[in-house]
Amino acid sequence: MTDTDVTRSPARLLAELTLEEKAALLDGSDFWHTEPVERLGVPALMVTDGPHGLRKQAEGDDHLGLTNSVPATCFPPAAGLASSWDVDLLHRVGQALGRETRAEGVAVLLGPGVNMKRSPLCGRNFEYFSEDPVLAGDLAAALVQGVQSQGVGTSLKHFAANNQETQRMTVSADVDERTLREVYLTAFERVVRTAQPWTVMCSYNRINGVYASEDPWLLTDVLRGEWGFSGLVVSDWGAVNVREDGVRAGLDLEMPSSSGAGTQRILEAVSTGSLTTEDLDRAVLRVLELVEKARPALADPGTVDVDAHHALAREAARASAVLLKNEDRVLPLTATGGTIAVVGEFARTPRYQGAGSSQVNPTRLDDALTALRAQFDGSREVTFAAGYVPEADPDDAAGEGARALVAEAVEQAAAADVVVLFLGLPASYESEGYDREHTNLPPEQLDLLQAVVAANPRTVVVLANGSVVNLEPWQHSVPAVLEGWLGGQAGGGAVADLLSGVANPSGKLAETIPVHYRDNPTVGNFPGEHGHVRYGEGLLIGYRWYDAHSLPVAAAFGHGLSYTTFGYSDLRVEPGAAGGVDVHVTVTNTGEVAGAEVVQVYVADLDATVFRPDAELKGFARVHLEPGQAQEVSIALDERAFSFWHSATGRWVVEGGEFGVRVGASSRDVRLASTVTLAGDGVSVPLQVDSELDVWLAHPSAGPLVRERLEDTPWAGMVFDPQHGAMMRAIPLVRLTRFPGFPIAEHDLPGLIPG
């Protein structure tokens, strides 16, 4: 490549391309590379998975790279990272991912995924952040900024409404626009506006009958027109339906290679005029701009400090774990005392990441058993019993092997001062490609739990899972539960740090754990039927549903305990910038050890004229405090934090009135509350001649005119009658004009509508 080639601008290169070269550039050259144009010095770019670690195919390996990817640091997947609620940590993890991506000559890391956790049964939930779009969006934006600070790109996915694996390539997510805007697009919007990912990956599914890969409203009107996205849209692998329709809609790059099929369709469409050269050139220019962004990093790959990244992975795993329960302060385990019985194969053979396209080949792998023994270093004896095999053994039909493992575990437990029981989901229980059948732990693990607790009630349960599991009723039989999620390659060491008190748990749940699966909002509307899935719960996803129905939960959204305690005081809610509000609260570490607290701010619309959830997360901040230390925490809420999507006007609206501002340690642990009154936008529903009389009367300019016409007539008494007036006001005004003696004529209505 010559210096002249390198300095050619994308616009100049576009002008020099032939039609055939343009069409080819919109197709992959193989499974992981874009198409080069050697004649003009345009290189092929490599893109590869995944969200929590680089999964680059080893040279000469299978085309998916599933069996032998190059070694890379495996960080905790998004389900764990989200529980840190730590934007700084996510940025640093992103930087590490970016360095490893750059060092391997990869231009774009395919992630993160910000799809909402609509149902606990989604098989890919381990790869997504949260049931809340504000939390998911802010954490993902930090990760994207971290990755892209290293000169390589990200691919925000899967855009949009991809919330299940069942029929993921064809199912239509049928969802109203308000729900789509407020819940399923918000996380994408926050990332795009804040971090400008280099690429956005469209999803497989249809949205209200239209494939995401060929939806101009989604890919052009909203993504580019409203949010200002300036990068490239790439298909999920195999998501293209009709290639030329995708180009027209705003889908730029098809991956993987279509073996020439997509290129041929584009050429034929241009030839027949069904695809304009303007549409083609727009997409080609975006590919060339991506190449231009990637050139500096490709020329200077840099180096990676593998040990430093492993240490960061351990820090991330510590921050991700959530202490769900800790009665009688059984944790942390003291440095001296009786025997610790470690039970459960996951302590020795960790389950540390999900299955599917995000699987990483780790640079090293810590296990909790070895780490615990190193942690106590002879001060306490640490015994081990496997207790179960991660995947049920089909050859052990009589269960003799399973019974022997349980018997050994019971013997170890009975002889110990405390038991640390490692339970969780086998890899076959959750994966990309299919959804879960239930939310239970494996039956053999539940049998083991019951037997171990009977032998020693001082049993601490440590969980390894990528999506929520049922805690009821067994959590009431144990004094402590630590949700470790899938901890990445350093998760074993992180768990040892937390159990021993070397580190203080600080994670908070990014998703609600229901008491029963049947309580969750998607029952009856998941995974759909006949190619459609109805989002019948509307806005009530996650904690919004449980709060609206006053349902008990096993663990609330935002919940997480610590080895210390925190006090909240001095709440102030003050006017902020651009119509927003600034929330100030003092947090004090009232315990005896240093720790981190996540301050959560929820907003409730107390005067809403439309249905709104009881309260919604709108801001958060993580603060680390020494024992006795107090610090004022300030959280800025912008105008959007108080708005809803106004379907009639097609815009975000703040309705004037009173709002509740609730500050606490979880969605159900509100420590302080205040109210704020906002003037609002003064938006009214657009008038039509067939609008109901109520709508006419509520209109700021037309309402007084209609009232004036009704005054001093018999109709005033009927319209404003306390008992029957509501029935009259629900009638479209144009129909009332046809009633005998009504004081407004039908031909007068257009003149009453403001111009």
# chains A, B, ... in the order shown; residues from 1 in each chain; ligands from 1
call {"tool": "select_by_dssp", "arguments": {"residues": "stretch 81-243 of chain A", "states": "strand (DSSP E)", "output": "MDAnalysis selection string"}}
result
chainID A and resid 108:109 153:159 172:174 199:202 206:207 210:211 232:235
call {"tool": "write_last_selection", "arguments": {"atoms": "N, CA, C and O atoms", "output": "short mmCIF file (atom, residue, chain, number, x, y, z; two decimals), in the first residue's frame"}}
result
data_model
loop_
_atom_site.label_atom_id
_atom_site.label_comp_id
_atom_site.auth_asym_id
_atom_site.auth_seq_id
_atom_site.Cartn_x
_atom_site.Cartn_y
_atom_site.Cartn_z
N VAL A 108 -13.15 -4.34 14.48
CA VAL A 108 -14.41 -4.12 15.19
C VAL A 108 -14.71 -5.31 16.09
O VAL A 108 -14.71 -6.46 15.62
N LEU A 109 -14.96 -5.02 17.36
CA LEU A 109 -15.40 -6.04 18.32
C LEU A 109 -16.92 -6.05 18.32
O LEU A 109 -17.55 -5.01 18.54
N GLY A 153 -13.28 -0.39 16.76
CA GLY A 153 -14.70 -0.10 16.86
C GLY A 153 -15.48 -1.14 17.63
O GLY A 153 -14.98 -2.20 18.01
N THR A 154 -16.75 -0.82 17.87
CA THR A 154 -17.70 -1.73 18.50
C THR A 154 -18.90 -1.90 17.58
O THR A 154 -19.06 -1.16 16.61
N SER A 155 -19.74 -2.86 17.92
CA SER A 155 -20.98 -3.07 17.16
C SER A 155 -22.11 -3.24 18.16
O SER A 155 -22.28 -4.31 18.76
N LEU A 156 -22.87 -2.19 18.36
CA LEU A 156 -23.98 -2.21 19.31
C LEU A 156 -25.07 -3.13 18.76
O LEU A 156 -25.53 -2.95 17.64
N LYS A 157 -25.50 -4.08 19.59
CA LYS A 157 -26.43 -5.09 19.07
C LYS A 157 -27.46 -5.47 20.15
O LYS A 157 -27.28 -5.12 21.32
N HIS A 158 -28.52 -6.17 19.74
CA HIS A 158 -28.99 -6.52 18.41
C HIS A 158 -30.20 -5.63 18.16
O HIS A 158 -31.20 -5.76 18.87
N PHE A 159 -30.13 -4.75 17.22
CA PHE A 159 -31.07 -3.65 16.99
C PHE A 159 -32.20 -4.11 16.08
O PHE A 159 -31.99 -4.23 14.88
N SER A 172 -41.86 -12.20 14.71
CA SER A 172 -42.22 -10.78 14.72
C SER A 172 -42.50 -10.36 16.15
O SER A 172 -43.40 -10.88 16.80
N ALA A 173 -41.71 -9.39 16.64
CA ALA A 173 -41.97 -8.80 17.95
C ALA A 173 -43.03 -7.73 17.76
O ALA A 173 -42.77 -6.68 17.18
N ASP A 174 -44.23 -8.01 18.22
CA ASP A 174 -45.35 -7.11 18.02
C ASP A 174 -45.50 -6.22 19.25
O ASP A 174 -45.94 -6.67 20.31
N THR A 199 -20.22 0.89 14.66
CA THR A 199 -21.24 0.17 13.92
C THR A 199 -22.40 -0.17 14.84
O THR A 199 -22.26 -0.25 16.07
N VAL A 200 -23.56 -0.38 14.24
CA VAL A 200 -24.73 -0.94 14.91
C VAL A 200 -25.13 -2.18 14.15
O VAL A 200 -25.16 -2.18 12.91
N MET A 201 -25.42 -3.26 14.88
CA MET A 201 -25.79 -4.52 14.24
C MET A 201 -27.30 -4.71 14.31
O MET A 201 -27.89 -4.72 15.38
N CYS A 202 -27.92 -4.85 13.14
CA CYS A 202 -29.36 -5.09 13.14
C CYS A 202 -29.65 -6.53 13.57
O CYS A 202 -28.82 -7.42 13.42
N ARG A 206 -38.26 -9.77 13.06
CA ARG A 206 -39.12 -8.73 12.53
C ARG A 206 -39.67 -7.90 13.69
O ARG A 206 -39.78 -8.38 14.81
N ILE A 207 -40.01 -6.67 13.41
CA ILE A 207 -40.66 -5.79 14.37
C ILE A 207 -41.97 -5.35 13.75
O ILE A 207 -41.98 -4.68 12.71
N VAL A 210 -42.06 -6.32 10.10
CA VAL A 210 -41.01 -5.87 9.17
C VAL A 210 -39.65 -6.33 9.70
O VAL A 210 -39.31 -6.09 10.86
N TYR A 211 -38.87 -6.99 8.84
CA TYR A 211 -37.53 -7.41 9.25
C TYR A 211 -36.69 -6.20 9.64
O TYR A 211 -36.68 -5.18 8.93
N LEU A 232 -21.80 2.83 10.62
CA LEU A 232 -22.23 1.82 9.65
C LEU A 232 -23.19 0.85 10.32
O LEU A 232 -23.01 0.47 11.48
N VAL A 233 -24.21 0.42 9.58
CA VAL A 233 -25.11 -0.63 10.05
C VAL A 233 -24.72 -1.94 9.38
O VAL A 233 -24.64 -2.02 8.15
N VAL A 234 -24.46 -2.95 10.21
CA VAL A 234 -24.07 -4.27 9.71
C VAL A 234 -25.16 -5.26 10.10
O VAL A 234 -25.82 -5.11 11.14
N SER A 235 -25.36 -6.26 9.27
CA SER A 235 -26.35 -7.28 9.60
C SER A 235 -25.81 -8.22 10.66
O SER A 235 -24.59 -8.45 10.74
#
call {"tool": "residues_around", "arguments": {"residues": "A:Met116", "least_positions_apart": "4", "cutoff": "12 Å", "atoms": "only C-alpha atoms", "output": "ChimeraX atom specification"}}
result
/A:78-79,120,122,124-137,157-164,179-180,182-188,510-511,539,541-542
call {"tool": "select_by_dssp", "arguments": {"residues": "stretch 347-511 of chain A", "states": "helix (DSSP H, G or I)", "output": "NGL selection string"}}
result
:A and (347 or 368-376 or 400-414 or 427-429 or 443-455 or 474-477 or 491-500)
call {"tool": "residues_around", "arguments": {"residues": "stretch 733-735 of chain A", "least_positions_apart": "2", "cutoff": "9 Å", "atoms": "only C-alpha atoms", "output": "PyMOL selection string"}}
result
chain A and resi 689-694+696+729-731+737-739+745-746+749
call {"tool": "write_last_selection", "arguments": {"atoms": "C-alpha atoms", "output": "short mmCIF file (atom, residue, chain, number, x, y, z; two decimals), in the first residue's frame"}}
result
data_model
loop_
_atom_site.label_atom_id
_atom_site.label_comp_id
_atom_site.auth_asym_id
_atom_site.auth_seq_id
_atom_site.Cartn_x
_atom_site.Cartn_y
_atom_site.Cartn_z
CA VAL A 689 -63.24 17.26 13.91
CA ASP A 690 -64.01 13.78 15.25
CA SER A 691 -62.08 14.25 18.52
CA GLU A 692 -64.13 13.56 21.64
CA LEU A 693 -65.71 16.55 23.31
CA ASP A 694 -63.41 15.98 26.32
CA TRP A 696 -61.89 19.69 22.62
CA ARG A 729 -68.06 14.30 26.84
CA ALA A 730 -66.92 10.95 25.45
CA ILE A 731 -68.92 11.54 22.25
CA THR A 737 -73.26 18.73 16.23
CA ARG A 738 -75.84 16.51 14.50
CA PHE A 739 -78.00 16.23 17.61
CA ALA A 745 -72.82 23.41 13.67
CA GLU A 746 -70.70 20.77 11.95
CA LEU A 749 -65.68 22.85 13.51
#
call {"tool": "residues_around", "arguments": {"residues": "A:Arg380", "least_positions_apart": "4", "cutoff": "9 Å", "atoms": "only C-alpha atoms", "output": "MDAnalysis selection string"}}
result
chainID A and resid 335:340 373 376
call {"tool": "residues_around", "arguments": {"residues": "A:Ala23", "least_positions_apart": "6", "cutoff": "10 Å", "atoms": "only C-alpha atoms", "output": "NGL selection string"}}
result
:A and (17 or 260 or 262-267 or 270 or 280-281 or 283-284)
call {"tool": "write_last_selection", "arguments": {"atoms": "N, CA and C atoms", "output": "compact mmCIF listing (two decimals), in the first residue's frame"}}
result
# COMPACT_ATOMS: atom_id res chain seq x y z
N LEU A 17 -14.44 3.99 -7.67
CA LEU A 17 -14.90 2.60 -7.69
C LEU A 17 -15.80 2.33 -8.88
N GLY A 260 -21.64 -14.00 -3.01
CA GLY A 260 -21.95 -13.28 -4.24
C GLY A 260 -23.43 -13.05 -4.49
N GLY A 262 -25.79 -11.58 -2.59
CA GLY A 262 -26.20 -10.22 -2.27
C GLY A 262 -25.66 -9.21 -3.26
N THR A 263 -24.41 -9.39 -3.66
CA THR A 263 -23.80 -8.50 -4.65
C THR A 263 -24.58 -8.53 -5.96
N GLN A 264 -24.95 -9.71 -6.41
CA GLN A 264 -25.70 -9.83 -7.66
C GLN A 264 -27.06 -9.17 -7.56
N ARG A 265 -27.71 -9.32 -6.45
CA ARG A 265 -29.04 -8.70 -6.28
C ARG A 265 -28.92 -7.18 -6.33
N ILE A 266 -27.87 -6.64 -5.72
CA ILE A 266 -27.67 -5.19 -5.74
C ILE A 266 -27.45 -4.71 -7.17
N LEU A 267 -26.61 -5.42 -7.92
CA LEU A 267 -26.33 -5.03 -9.31
C LEU A 267 -27.60 -5.08 -10.15
N VAL A 270 -29.92 -2.11 -9.19
CA VAL A 270 -29.46 -0.85 -9.78
C VAL A 270 -29.77 -0.82 -11.27
N LEU A 280 -27.02 3.24 -3.08
CA LEU A 280 -25.82 2.40 -3.13
C LEU A 280 -24.60 3.17 -2.65
N ASP A 281 -24.40 4.37 -3.16
CA ASP A 281 -23.21 5.15 -2.80
C ASP A 281 -23.20 5.50 -1.32
N ALA A 283 -24.32 3.74 1.19
CA ALA A 283 -23.86 2.58 1.95
C ALA A 283 -22.38 2.32 1.73
N VAL A 284 -21.92 2.44 0.49
CA VAL A 284 -20.51 2.20 0.18
C VAL A 284 -19.63 3.21 0.91
call {"tool": "closest_residue", "arguments": {"among": "A:Val171, A:Val587, A:Leu425, A:Leu253", "to": "A:His532", "atoms": "only C-alpha atoms"}}
result
A:Val171
call {"tool": "closest_residue", "arguments": {"among": "A:Ser667, A:Ser643, A:Asp176, A:His624", "to": "A:Tyr602", "atoms": "only C-alpha atoms"}}
result
A:Ser667
call {"tool": "closest_residue", "arguments": {"among": "A:Gly507, A:Gly531, A:Gly433, A:Pro613", "to": "A:Ala548", "atoms": "only C-alpha atoms"}}
result
A:Pro613
call {"tool": "atom_distance", "arguments": {"atom1": "atom CA of A:Gly111", "atom2": "atom CA of A:Val47"}}
result
10.6 Å
call {"tool": "residues_around", "arguments": {"residues": "A:Leu446", "least_positions_apart": "5", "cutoff": "9 Å", "atoms": "only C-alpha atoms", "output": "list in words"}}
result
Leu423, Leu441, Ala451 and Trp474 of chain A
call {"tool": "residues_around", "arguments": {"residues": "A:Ala107", "least_positions_apart": "4", "cutoff": "10 Å", "atoms": "only C-alpha atoms", "output": "list in words"}}
result
His33, Ala44, Leu45, Met46, Val47, Thr48, Gly98, Thr101, Arg102, Ala103, Gly151, Val152, Gly153, Thr154, Trp198, Leu290, Val291, Lys293, Ala294, Arg295, Ala297 and Leu298 of chain A
call {"tool": "write_last_selection", "arguments": {"atoms": "all heavy atoms", "output": "compact mmCIF listing (two decimals), in the first residue's frame"}}
result
# COMPACT_ATOMS: atom_id res chain seq x y z
N HIS A 33 -14.38 -11.22 7.48
CA HIS A 33 -13.69 -10.10 6.84
C HIS A 33 -14.60 -9.38 5.86
O HIS A 33 -15.45 -9.99 5.21
CB HIS A 33 -12.44 -10.59 6.08
CG HIS A 33 -11.35 -11.07 6.97
ND1 HIS A 33 -11.32 -12.35 7.46
CD2 HIS A 33 -10.24 -10.44 7.46
CE1 HIS A 33 -10.24 -12.51 8.21
NE2 HIS A 33 -9.58 -11.36 8.23
N ALA A 44 -9.13 -5.37 3.49
CA ALA A 44 -10.21 -6.08 4.18
C ALA A 44 -10.08 -5.85 5.67
O ALA A 44 -8.97 -5.88 6.22
CB ALA A 44 -10.14 -7.58 3.86
N LEU A 45 -11.18 -5.60 6.33
CA LEU A 45 -11.18 -5.45 7.78
C LEU A 45 -11.67 -6.74 8.42
O LEU A 45 -12.59 -7.40 7.90
CB LEU A 45 -12.10 -4.32 8.22
CG LEU A 45 -11.80 -2.90 7.73
CD1 LEU A 45 -12.79 -1.93 8.34
CD2 LEU A 45 -10.36 -2.51 8.06
N MET A 46 -11.08 -7.09 9.56
CA MET A 46 -11.58 -8.24 10.32
C MET A 46 -12.46 -7.73 11.46
O MET A 46 -12.10 -6.80 12.17
CB MET A 46 -10.45 -9.08 10.88
CG MET A 46 -10.95 -10.33 11.59
SD MET A 46 -9.64 -11.45 12.13
CE MET A 46 -10.63 -12.91 12.52
N VAL A 47 -13.62 -8.36 11.59
CA VAL A 47 -14.51 -8.10 12.72
C VAL A 47 -14.74 -9.44 13.41
O VAL A 47 -14.71 -10.49 12.77
CB VAL A 47 -15.84 -7.49 12.25
CG1 VAL A 47 -15.61 -6.20 11.50
CG2 VAL A 47 -16.63 -8.47 11.39
N THR A 48 -14.94 -9.41 14.72
CA THR A 48 -15.15 -10.68 15.40
C THR A 48 -15.83 -10.49 16.74
O THR A 48 -15.86 -9.40 17.29
CB THR A 48 -13.81 -11.43 15.58
OG1 THR A 48 -14.05 -12.81 15.87
CG2 THR A 48 -12.97 -10.82 16.68
N GLY A 98 -10.39 -3.29 24.03
CA GLY A 98 -9.90 -2.58 22.86
C GLY A 98 -8.44 -2.87 22.58
O GLY A 98 -8.03 -3.04 21.42
N THR A 101 -8.21 -6.35 21.14
CA THR A 101 -8.75 -6.34 19.78
C THR A 101 -7.73 -5.75 18.81
O THR A 101 -7.47 -6.30 17.73
CB THR A 101 -10.06 -5.52 19.75
OG1 THR A 101 -11.00 -6.11 20.64
CG2 THR A 101 -10.64 -5.45 18.36
N ARG A 102 -7.15 -4.64 19.19
CA ARG A 102 -6.17 -3.96 18.34
C ARG A 102 -4.93 -4.83 18.14
O ARG A 102 -4.41 -4.93 17.01
CB ARG A 102 -5.79 -2.63 18.98
CG ARG A 102 -4.77 -1.82 18.21
CD ARG A 102 -4.64 -0.43 18.79
NE ARG A 102 -3.69 0.39 18.04
CZ ARG A 102 -3.68 1.72 18.01
NH1 ARG A 102 -4.58 2.38 18.72
NH2 ARG A 102 -2.79 2.39 17.30
N ALA A 103 -4.47 -5.47 19.20
CA ALA A 103 -3.25 -6.27 19.11
C ALA A 103 -3.41 -7.45 18.15
O ALA A 103 -2.43 -7.92 17.57
CB ALA A 103 -2.86 -6.78 20.50
N GLY A 151 -8.79 2.91 19.42
CA GLY A 151 -8.68 2.99 17.97
C GLY A 151 -9.34 1.86 17.21
O GLY A 151 -9.10 1.69 16.01
N VAL A 152 -10.17 1.07 17.90
CA VAL A 152 -10.95 0.02 17.24
C VAL A 152 -12.43 0.27 17.53
O VAL A 152 -12.77 1.05 18.42
CB VAL A 152 -10.54 -1.39 17.72
CG1 VAL A 152 -9.12 -1.70 17.30
CG2 VAL A 152 -10.70 -1.52 19.23
N GLY A 153 -13.28 -0.39 16.76
CA GLY A 153 -14.70 -0.10 16.86
C GLY A 153 -15.48 -1.14 17.63
O GLY A 153 -14.98 -2.20 18.01
N THR A 154 -16.75 -0.82 17.87
CA THR A 154 -17.70 -1.73 18.50
C THR A 154 -18.90 -1.90 17.58
O THR A 154 -19.06 -1.16 16.61
CB THR A 154 -18.18 -1.20 19.86
OG1 THR A 154 -18.76 0.11 19.66
CG2 THR A 154 -17.03 -1.10 20.84
N TRP A 198 -18.95 2.64 16.37
CA TRP A 198 -18.60 2.66 14.95
C TRP A 198 -19.65 1.96 14.11
O TRP A 198 -19.91 2.36 12.98
CB TRP A 198 -17.24 1.98 14.74
CG TRP A 198 -16.07 2.79 15.19
CD1 TRP A 198 -16.08 3.92 15.96
CD2 TRP A 198 -14.70 2.53 14.88
NE1 TRP A 198 -14.79 4.37 16.16
CE2 TRP A 198 -13.92 3.53 15.50
CE3 TRP A 198 -14.03 1.54 14.15
CZ2 TRP A 198 -12.52 3.57 15.41
CZ3 TRP A 198 -12.64 1.57 14.05
CH2 TRP A 198 -11.90 2.59 14.67
N LEU A 290 -15.56 3.45 7.53
CA LEU A 290 -15.14 2.50 8.56
C LEU A 290 -13.70 2.06 8.34
O LEU A 290 -12.91 1.97 9.29
CB LEU A 290 -16.08 1.29 8.56
CG LEU A 290 -15.74 0.19 9.58
CD1 LEU A 290 -15.90 0.71 11.01
CD2 LEU A 290 -16.62 -1.04 9.35
N VAL A 291 -13.35 1.78 7.09
CA VAL A 291 -11.97 1.40 6.77
C VAL A 291 -11.01 2.51 7.17
O VAL A 291 -9.95 2.26 7.76
CB VAL A 291 -11.83 1.08 5.27
CG1 VAL A 291 -10.37 0.87 4.90
CG2 VAL A 291 -12.65 -0.17 4.91
N LYS A 293 -11.37 4.79 9.50
CA LYS A 293 -11.23 4.85 10.97
C LYS A 293 -10.27 3.78 11.48
O LYS A 293 -9.54 4.00 12.45
CB LYS A 293 -12.60 4.65 11.63
CG LYS A 293 -13.56 5.79 11.51
CD LYS A 293 -14.88 5.44 12.21
CE LYS A 293 -15.93 6.51 12.05
NZ LYS A 293 -17.22 6.11 12.68
N ALA A 294 -10.30 2.62 10.85
CA ALA A 294 -9.53 1.48 11.35
C ALA A 294 -8.06 1.50 10.95
O ALA A 294 -7.24 0.79 11.54
CB ALA A 294 -10.17 0.18 10.86
N ARG A 295 -7.69 2.29 9.96
CA ARG A 295 -6.32 2.25 9.42
C ARG A 295 -5.24 2.50 10.47
O ARG A 295 -4.24 1.76 10.53
CB ARG A 295 -6.18 3.26 8.29
CG ARG A 295 -6.78 2.84 6.97
CD ARG A 295 -6.48 3.87 5.90
NE ARG A 295 -7.16 3.63 4.64
CZ ARG A 295 -6.71 2.86 3.66
NH1 ARG A 295 -5.55 2.24 3.81
NH2 ARG A 295 -7.38 2.72 2.54
N ALA A 297 -5.00 1.96 13.72
CA ALA A 297 -4.78 0.85 14.63
C ALA A 297 -4.21 -0.37 13.91
O ALA A 297 -3.37 -1.10 14.46
CB ALA A 297 -6.09 0.47 15.33
N LEU A 298 -4.64 -0.59 12.69
CA LEU A 298 -4.11 -1.71 11.92
C LEU A 298 -2.62 -1.53 11.64
O LEU A 298 -1.87 -2.50 11.58
CB LEU A 298 -4.88 -1.85 10.60
CG LEU A 298 -6.35 -2.28 10.72
CD1 LEU A 298 -7.01 -2.26 9.35
CD2 LEU A 298 -6.46 -3.67 11.35
call {"tool": "closest_residue", "arguments": {"among": "A:Gly484, A:Gly492, A:Pro627, A:Gly680", "to": "A:Val654", "atoms": "only C-alpha atoms"}}
result
A:Gly680
call {"tool": "closest_residue", "arguments": {"among": "A:Gly378, A:Gly591, A:Gly579, A:Pro479", "to": "A:Leu324", "atoms": "only C-alpha atoms"}}
result
A:Pro479
